[in-house]
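File shown: entry.txt. Contents: compact mmCIF, N, CA and C atoms.
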```txt
# COMPACT_ATOMS: atom_id res chain seq x y z
N LYS A 1 13.06 166.80 -50.24
CA LYS A 1 14.15 167.12 -49.33
C LYS A 1 13.99 168.56 -48.89
N GLU A 2 14.18 168.81 -47.61
CA GLU A 2 14.17 170.17 -47.07
C GLU A 2 15.60 170.64 -46.93
N TYR A 3 15.82 171.89 -47.20
CA TYR A 3 17.17 172.43 -47.25
C TYR A 3 17.58 173.12 -45.95
N TYR A 4 18.88 173.27 -45.79
CA TYR A 4 19.49 173.93 -44.64
C TYR A 4 19.36 175.45 -44.80
N GLY A 5 19.17 176.13 -43.69
CA GLY A 5 19.20 177.59 -43.69
C GLY A 5 17.81 178.21 -43.69
N LEU A 6 17.77 179.48 -44.06
CA LEU A 6 16.54 180.26 -44.05
C LEU A 6 15.66 179.86 -45.23
N VAL A 7 14.42 179.45 -44.92
CA VAL A 7 13.48 178.98 -45.93
C VAL A 7 12.14 179.65 -45.70
N LYS A 8 11.51 180.11 -46.79
CA LYS A 8 10.17 180.71 -46.66
C LYS A 8 9.14 179.60 -46.58
N LEU A 9 8.31 179.66 -45.55
CA LEU A 9 7.24 178.69 -45.33
C LEU A 9 5.94 179.47 -45.22
N ASN A 10 5.15 179.48 -46.31
CA ASN A 10 3.96 180.33 -46.42
C ASN A 10 4.39 181.78 -46.24
N GLN A 11 3.80 182.50 -45.29
CA GLN A 11 4.18 183.91 -45.09
C GLN A 11 5.29 184.06 -44.06
N TYR A 12 5.81 182.93 -43.52
CA TYR A 12 6.83 182.97 -42.48
C TYR A 12 8.18 182.53 -43.00
N MET A 13 9.22 182.97 -42.31
CA MET A 13 10.57 182.50 -42.60
C MET A 13 10.94 181.50 -41.51
N ASN A 14 11.53 180.39 -41.91
CA ASN A 14 11.92 179.34 -40.99
C ASN A 14 13.41 179.06 -41.18
N TYR A 15 14.12 178.79 -40.10
CA TYR A 15 15.54 178.45 -40.19
C TYR A 15 15.72 176.97 -39.94
N ASN A 16 16.05 176.22 -40.98
CA ASN A 16 16.29 174.78 -40.86
C ASN A 16 17.73 174.55 -40.44
N LYS A 17 17.93 173.84 -39.35
CA LYS A 17 19.28 173.56 -38.85
C LYS A 17 19.88 172.31 -39.48
N GLY A 18 19.08 171.60 -40.26
CA GLY A 18 19.56 170.38 -40.90
C GLY A 18 18.79 170.10 -42.17
N TYR A 19 18.97 168.92 -42.71
CA TYR A 19 18.28 168.48 -43.92
C TYR A 19 17.29 167.39 -43.55
N THR A 20 16.21 167.32 -44.28
CA THR A 20 15.28 166.21 -44.20
C THR A 20 15.31 165.50 -45.54
N PHE A 21 15.61 164.21 -45.52
CA PHE A 21 15.78 163.42 -46.74
C PHE A 21 14.65 162.42 -46.91
N ALA A 22 14.27 162.17 -48.14
CA ALA A 22 13.44 161.01 -48.45
C ALA A 22 14.37 159.81 -48.39
N THR A 23 13.94 158.74 -47.77
CA THR A 23 14.85 157.61 -47.53
C THR A 23 14.36 156.30 -48.14
N THR A 24 13.59 156.41 -49.20
CA THR A 24 13.17 155.19 -49.89
C THR A 24 13.75 155.19 -51.30
N ASP A 25 13.95 153.99 -51.83
CA ASP A 25 14.39 153.89 -53.22
C ASP A 25 13.16 153.96 -54.13
N GLU A 26 13.35 153.76 -55.43
CA GLU A 26 12.27 153.88 -56.40
C GLU A 26 11.11 152.91 -56.13
N SER A 27 11.41 151.77 -55.52
CA SER A 27 10.37 150.77 -55.26
C SER A 27 9.72 150.95 -53.88
N GLY A 28 10.11 151.98 -53.13
CA GLY A 28 9.52 152.23 -51.83
C GLY A 28 10.20 151.53 -50.67
N VAL A 29 11.33 150.86 -50.94
CA VAL A 29 12.06 150.17 -49.88
C VAL A 29 12.92 151.18 -49.12
N PHE A 30 12.86 151.12 -47.78
CA PHE A 30 13.65 152.05 -46.97
C PHE A 30 15.13 151.73 -47.10
N LEU A 31 15.92 152.76 -47.30
CA LEU A 31 17.37 152.61 -47.42
C LEU A 31 18.00 152.66 -46.03
N PRO A 32 19.15 151.98 -45.85
CA PRO A 32 19.81 152.04 -44.53
C PRO A 32 20.36 153.44 -44.26
N VAL A 33 20.39 153.81 -43.00
CA VAL A 33 21.00 155.07 -42.57
C VAL A 33 22.45 154.75 -42.22
N GLN A 34 23.39 155.46 -42.85
CA GLN A 34 24.81 155.18 -42.67
C GLN A 34 25.52 156.35 -42.02
N ALA A 35 26.58 156.04 -41.28
CA ALA A 35 27.40 157.07 -40.64
C ALA A 35 28.09 157.92 -41.69
N ILE A 36 28.08 159.23 -41.50
CA ILE A 36 28.71 160.15 -42.45
C ILE A 36 30.23 160.04 -42.43
N GLY A 37 30.77 159.56 -41.32
CA GLY A 37 32.21 159.39 -41.18
C GLY A 37 32.51 158.60 -39.93
N PRO A 38 33.79 158.28 -39.71
CA PRO A 38 34.13 157.53 -38.50
C PRO A 38 33.84 158.35 -37.26
N GLY A 39 33.35 157.68 -36.22
CA GLY A 39 33.03 158.40 -35.00
C GLY A 39 32.59 157.45 -33.91
N THR A 40 32.07 158.04 -32.83
CA THR A 40 31.62 157.30 -31.66
C THR A 40 30.19 157.68 -31.34
N VAL A 41 29.35 156.71 -31.03
CA VAL A 41 27.96 156.96 -30.65
C VAL A 41 27.96 157.58 -29.25
N ILE A 42 27.49 158.82 -29.15
CA ILE A 42 27.45 159.49 -27.84
C ILE A 42 26.03 159.70 -27.34
N PHE A 43 25.03 159.45 -28.21
CA PHE A 43 23.63 159.62 -27.81
C PHE A 43 22.79 158.64 -28.61
N ARG A 44 21.90 157.97 -27.89
CA ARG A 44 20.89 157.12 -28.53
C ARG A 44 19.69 157.10 -27.61
N ASP A 45 18.65 157.84 -28.02
CA ASP A 45 17.47 157.97 -27.18
C ASP A 45 16.34 158.54 -28.03
N VAL A 46 15.20 158.74 -27.40
CA VAL A 46 14.03 159.31 -28.07
C VAL A 46 13.99 160.81 -27.78
N LEU A 47 13.83 161.61 -28.84
CA LEU A 47 13.69 163.06 -28.72
C LEU A 47 12.27 163.46 -29.06
N ASN A 48 11.73 164.44 -28.33
CA ASN A 48 10.40 164.97 -28.68
C ASN A 48 10.42 165.41 -30.13
N HIS A 49 9.37 165.15 -30.84
CA HIS A 49 9.17 165.51 -32.24
C HIS A 49 9.94 164.63 -33.21
N TRP A 50 11.16 164.22 -32.89
CA TRP A 50 11.98 163.46 -33.84
C TRP A 50 12.01 161.97 -33.59
N GLY A 51 11.51 161.50 -32.47
CA GLY A 51 11.52 160.07 -32.20
C GLY A 51 12.93 159.57 -31.88
N GLU A 52 13.17 158.28 -32.15
CA GLU A 52 14.48 157.71 -31.85
C GLU A 52 15.56 158.43 -32.65
N SER A 53 16.66 158.75 -31.98
CA SER A 53 17.72 159.55 -32.59
C SER A 53 19.09 159.05 -32.15
N ILE A 54 20.07 159.32 -33.00
CA ILE A 54 21.46 158.95 -32.72
C ILE A 54 22.33 160.17 -32.98
N ILE A 55 23.33 160.38 -32.11
CA ILE A 55 24.33 161.42 -32.35
C ILE A 55 25.70 160.75 -32.34
N LEU A 56 26.48 161.03 -33.37
CA LEU A 56 27.86 160.55 -33.45
C LEU A 56 28.81 161.71 -33.22
N GLN A 57 29.88 161.46 -32.47
CA GLN A 57 30.94 162.45 -32.28
C GLN A 57 32.09 162.06 -33.19
N HIS A 58 32.57 163.04 -33.96
CA HIS A 58 33.67 162.83 -34.89
C HIS A 58 34.88 163.66 -34.44
N ASP A 59 36.03 163.37 -34.98
CA ASP A 59 37.23 164.14 -34.67
C ASP A 59 37.04 165.62 -34.98
N GLY A 60 37.76 166.47 -34.29
CA GLY A 60 37.77 167.91 -34.57
C GLY A 60 36.57 168.66 -34.05
N GLY A 61 35.79 168.06 -33.14
CA GLY A 61 34.63 168.76 -32.58
C GLY A 61 33.40 168.70 -33.46
N TYR A 62 33.33 167.75 -34.38
CA TYR A 62 32.16 167.60 -35.25
C TYR A 62 31.21 166.55 -34.69
N PHE A 63 29.91 166.78 -34.93
CA PHE A 63 28.86 165.88 -34.49
C PHE A 63 27.87 165.71 -35.63
N SER A 64 27.36 164.49 -35.82
CA SER A 64 26.29 164.27 -36.79
C SER A 64 25.08 163.72 -36.05
N VAL A 65 23.90 164.23 -36.43
CA VAL A 65 22.65 163.89 -35.78
C VAL A 65 21.74 163.20 -36.80
N TYR A 66 21.19 162.06 -36.41
CA TYR A 66 20.30 161.28 -37.27
C TYR A 66 19.01 161.07 -36.48
N ALA A 67 17.90 161.60 -36.95
CA ALA A 67 16.65 161.51 -36.21
C ALA A 67 15.55 160.93 -37.09
N ASN A 68 14.51 160.42 -36.43
CA ASN A 68 13.41 159.74 -37.10
C ASN A 68 13.90 158.40 -37.64
N VAL A 69 14.53 157.62 -36.74
CA VAL A 69 15.13 156.34 -37.12
C VAL A 69 14.55 155.19 -36.29
N LYS A 70 14.84 153.96 -36.71
CA LYS A 70 14.40 152.77 -35.97
C LYS A 70 15.41 151.66 -36.22
N ASN A 71 15.22 150.56 -35.52
CA ASN A 71 16.07 149.38 -35.68
C ASN A 71 17.56 149.73 -35.62
N CYS A 72 17.93 150.53 -34.63
CA CYS A 72 19.32 150.93 -34.48
C CYS A 72 20.16 149.72 -34.07
N ILE A 73 21.30 149.58 -34.71
CA ILE A 73 22.15 148.43 -34.43
C ILE A 73 23.45 148.85 -33.75
N VAL A 74 23.52 150.12 -33.35
CA VAL A 74 24.70 150.61 -32.64
C VAL A 74 24.33 150.92 -31.20
N GLN A 75 25.32 150.85 -30.33
CA GLN A 75 25.13 151.10 -28.90
C GLN A 75 25.94 152.32 -28.47
N LEU A 76 25.60 152.88 -27.31
CA LEU A 76 26.37 153.99 -26.76
C LEU A 76 27.84 153.61 -26.65
N GLU A 77 28.70 154.56 -26.99
CA GLU A 77 30.16 154.44 -26.93
C GLU A 77 30.74 153.52 -28.00
N GLN A 78 29.89 152.99 -28.88
CA GLN A 78 30.39 152.15 -29.97
C GLN A 78 31.08 153.00 -31.02
N LYS A 79 32.19 152.53 -31.52
CA LYS A 79 32.90 153.20 -32.62
C LYS A 79 32.31 152.70 -33.94
N VAL A 80 32.10 153.63 -34.89
CA VAL A 80 31.57 153.28 -36.19
C VAL A 80 32.50 153.81 -37.27
N GLN A 81 32.41 153.21 -38.43
CA GLN A 81 33.23 153.62 -39.57
C GLN A 81 32.36 154.37 -40.58
N MET A 82 33.00 155.11 -41.48
CA MET A 82 32.29 155.82 -42.54
C MET A 82 31.47 154.81 -43.36
N SER A 83 30.24 155.16 -43.64
CA SER A 83 29.29 154.38 -44.44
C SER A 83 28.78 153.13 -43.73
N GLU A 84 29.12 152.95 -42.46
CA GLU A 84 28.60 151.81 -41.71
C GLU A 84 27.12 152.03 -41.42
N LYS A 85 26.30 151.00 -41.61
CA LYS A 85 24.87 151.09 -41.31
C LYS A 85 24.71 151.24 -39.80
N ILE A 86 23.93 152.24 -39.40
CA ILE A 86 23.68 152.46 -37.98
C ILE A 86 22.22 152.21 -37.61
N CYS A 87 21.31 152.35 -38.57
CA CYS A 87 19.88 152.17 -38.30
C CYS A 87 19.10 152.23 -39.61
N GLU A 88 17.77 152.33 -39.48
CA GLU A 88 16.88 152.49 -40.62
C GLU A 88 15.98 153.69 -40.36
N SER A 89 15.37 154.21 -41.40
CA SER A 89 14.42 155.30 -41.24
C SER A 89 13.07 154.74 -40.82
N THR A 90 12.30 155.54 -40.07
CA THR A 90 10.98 155.09 -39.62
C THR A 90 9.89 155.42 -40.62
N SER A 91 10.16 156.35 -41.50
CA SER A 91 9.15 156.78 -42.48
C SER A 91 9.89 157.20 -43.73
N SER A 92 9.27 158.04 -44.51
CA SER A 92 9.93 158.48 -45.74
C SER A 92 10.88 159.66 -45.50
N ASP A 93 11.01 160.11 -44.25
CA ASP A 93 11.87 161.26 -43.96
C ASP A 93 12.89 160.96 -42.88
N LEU A 94 14.14 161.28 -43.17
CA LEU A 94 15.23 161.19 -42.20
C LEU A 94 15.73 162.60 -41.96
N TYR A 95 15.85 162.99 -40.70
CA TYR A 95 16.41 164.30 -40.38
C TYR A 95 17.89 164.13 -40.09
N PHE A 96 18.73 164.96 -40.73
CA PHE A 96 20.18 164.90 -40.55
C PHE A 96 20.69 166.30 -40.26
N GLU A 97 21.57 166.38 -39.26
CA GLU A 97 22.15 167.66 -38.88
C GLU A 97 23.64 167.46 -38.65
N LEU A 98 24.43 168.43 -39.05
CA LEU A 98 25.87 168.41 -38.84
C LEU A 98 26.23 169.62 -37.99
N ARG A 99 27.03 169.38 -36.96
CA ARG A 99 27.42 170.46 -36.04
C ARG A 99 28.94 170.49 -35.87
N HIS A 100 29.45 171.69 -35.66
CA HIS A 100 30.83 171.86 -35.22
C HIS A 100 30.72 172.48 -33.84
N PHE A 101 31.03 171.68 -32.85
CA PHE A 101 30.73 171.99 -31.46
C PHE A 101 29.23 172.25 -31.35
N LYS A 102 28.76 173.42 -30.92
CA LYS A 102 27.32 173.67 -30.77
C LYS A 102 26.71 174.37 -31.98
N ILE A 103 27.51 174.68 -32.98
CA ILE A 103 27.04 175.46 -34.13
C ILE A 103 26.66 174.53 -35.28
N THR A 104 25.43 174.67 -35.78
CA THR A 104 25.04 173.87 -36.94
C THR A 104 25.75 174.40 -38.17
N ILE A 105 26.12 173.49 -39.06
CA ILE A 105 26.77 173.88 -40.31
C ILE A 105 26.05 173.20 -41.47
N ASN A 106 26.13 173.84 -42.62
CA ASN A 106 25.50 173.31 -43.81
C ASN A 106 26.26 172.06 -44.27
N PRO A 107 25.60 170.91 -44.30
CA PRO A 107 26.30 169.68 -44.69
C PRO A 107 26.51 169.55 -46.20
N LYS A 108 26.09 170.54 -46.97
CA LYS A 108 26.17 170.47 -48.44
C LYS A 108 27.58 170.15 -48.93
N ASN A 109 28.57 170.70 -48.31
CA ASN A 109 29.95 170.48 -48.76
C ASN A 109 30.53 169.15 -48.25
N TRP A 110 29.79 168.44 -47.44
CA TRP A 110 30.26 167.19 -46.85
C TRP A 110 29.61 165.97 -47.50
N ILE A 111 28.46 166.18 -48.14
CA ILE A 111 27.72 165.05 -48.72
C ILE A 111 27.56 165.29 -50.21
N LYS A 112 28.14 164.42 -51.02
CA LYS A 112 28.13 164.64 -52.47
C LYS A 112 26.75 164.70 -53.07
N ASP A 113 25.75 164.00 -52.50
CA ASP A 113 24.40 164.01 -53.06
C ASP A 113 23.67 165.33 -52.85
N LEU A 114 24.22 166.24 -52.04
CA LEU A 114 23.57 167.54 -51.80
C LEU A 114 24.07 168.61 -52.75
N GLN A 115 25.02 168.31 -53.59
CA GLN A 115 25.61 169.32 -54.50
C GLN A 115 24.61 169.81 -55.49
```
Please express what this file holds, its structure, as structure tokens.
Amino acid sequence: KEYYGLVKLNQYMNYNKGYTFATTDESGVFLPVQAIGPGTVIFRDVLNHWGESIILQHDGGYFSVYANVKNCIVQLEQKVQMSEKICESTSSDLYFELRHFKITINPKNWIKDLQ
């Protein structure tokens, strides 16, 4: 897993705006990608570097970004519930980002598995 914020990468410093998760269980089976909370699908398209991606808009100006996904089962403007399956990962890495308006925020306090 890659962490949020300033990270040393060899002799360089890199600022990670989100987390990268391993998305397989112990047997190598890909786990479903689930919505972090109730929201509306506002983006579903392919992004350079990240491949197929989904953005959910949540109440209060919050947005969650899920990239490097496949087999998406949600459509634009669809409402989703917390923990609802929205897609699957394409590889062993899922990129996740949480934003408040345009500002990225550390999702550590929002996801219990990051504690």
Notebook entry, point to check: Could you work out how far atom CA of A:Leu94 lies from atom CA of A:Phe30, giving the answer in Å with one decimal?
Noted result: 10.4 Å
Notebook entry, point to check: Using only C-alpha atoms, what residues lie at most 12 Å away from (26.8, 174.3, -34.1) (file coordinates), given as a ChimeraX atom specification?
Noted result: /A:17-18,61-65,97-107
Notebook entry, point to check: Mind checking DSSP for chain A and telling me the strand (DSSP E or B) residues as a ChimeraX atom specification?
Noted result: /A:2,5-9,12-16,19-22,24,30,32-34,39-47,51-58,62-67,69-70,79-80,85-89,93-100,103-105
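Of the listed residues (A:Gln57, A:Thr24, A:Gln11, A:Asn71), A:Asn71 comes nearest to A:Lys85; the distances count only C-alpha atoms.
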Check: Can you list, as a PyMOL selection string, every protein, DNA or RNA residue that comes within 6 Å of A:Phe96 when you count all atoms listed in the file, leaving out same-chain residues fewer than 5 positions away?
Finding: chain A and resi 18-21+65-67
So which residues fall inside 8 Å of (25.6, 153.4, -24.5) if we count only N, CA and C atoms? Mind giving them as an mmCIF file with N, CA and C atoms, in the coordinates of the input?
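Once written, part_21.cif looks like this:
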```cif
data_model
loop_
_atom_site.group_PDB
_atom_site.id
_atom_site.type_symbol
_atom_site.label_atom_id
_atom_site.label_comp_id
_atom_site.auth_asym_id
_atom_site.auth_seq_id
_atom_site.Cartn_x
_atom_site.Cartn_y
_atom_site.Cartn_z
ATOM 1 N N VAL A 41 29.350 156.710 -31.030
ATOM 2 C CA VAL A 41 27.960 156.960 -30.650
ATOM 3 C C VAL A 41 27.960 157.580 -29.250
ATOM 4 N N ILE A 42 27.490 158.820 -29.150
ATOM 5 C CA ILE A 42 27.450 159.490 -27.840
ATOM 6 C C ILE A 42 26.030 159.700 -27.340
ATOM 7 N N PHE A 43 25.030 159.450 -28.210
ATOM 8 C CA PHE A 43 23.630 159.620 -27.810
ATOM 9 C C PHE A 43 22.790 158.640 -28.610
ATOM 10 N N ARG A 44 21.900 157.970 -27.890
ATOM 11 C CA ARG A 44 20.890 157.120 -28.530
ATOM 12 C C ARG A 44 19.690 157.100 -27.610
ATOM 13 N N VAL A 74 23.520 150.120 -33.350
ATOM 14 C CA VAL A 74 24.700 150.610 -32.640
ATOM 15 C C VAL A 74 24.330 150.920 -31.200
ATOM 16 N N GLN A 75 25.320 150.850 -30.330
ATOM 17 C CA GLN A 75 25.130 151.100 -28.900
ATOM 18 C C GLN A 75 25.940 152.320 -28.470
ATOM 19 N N LEU A 76 25.600 152.880 -27.310
ATOM 20 C CA LEU A 76 26.370 153.990 -26.760
ATOM 21 C C LEU A 76 27.840 153.610 -26.650
ATOM 22 N N GLU A 77 28.700 154.560 -26.990
ATOM 23 C CA GLU A 77 30.160 154.440 -26.930
ATOM 24 C C GLU A 77 30.740 153.520 -28.000
ATOM 25 N N GLN A 78 29.890 152.990 -28.880
ATOM 26 C CA GLN A 78 30.390 152.150 -29.970
ATOM 27 C C GLN A 78 31.080 153.000 -31.020
#
```
Checklist line | DSSP helix (DSSP H, G or I) residues within chain A, listed as a PyMOL selection string | finding: chain A and resi 59-61+107-109+112-114
Check: Smallest atom-to-atom distance to A:Asn68: which of A:Asn16, A:Ser91, A:Ser27, A:Asn48, using only N, CA and C atoms?
Finding: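 Of the candidates, the smallest distance to A:Asn68 is held by A:Ser91.
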Note to self: Can you measure atom CA of A:Asp93 to atom CA of A:Gly51 for me? One decimal in Å is fine.
What the structure shows: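 For atom CA of A:Asp93 relative to atom CA of A:Gly51, the distance reads 11.8 Å.
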Notebook entry, point to check: What is the atom N of A:Gly60 to atom CA of A:Pro38 distance in Å?
Noted result: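 Distance between the two atoms: 10.5 Å.
Taking only C-alpha atoms into account, A:Val29 lies nearest to A:Thr90 out of the set A:Asn10, A:Asn109, A:Thr90, A:Gln81.
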Notebook entry, point to check: When distances are computed from only C-alpha atoms, which of A:Val33, A:Tyr3, A:Val80, A:Val69 shows the smallest separation from A:Ser53?
Noted result: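 Under the stated criterion, the closest residue is A:Val69.
Omitting A:Gln34 and its sequence neighbours fewer than 6 positions away, and counting only N, CA and C atoms, the residues within 6.5 Å are Met82, Ser83, Glu84, Lys85, Ile86 and Cys87 of chain A.
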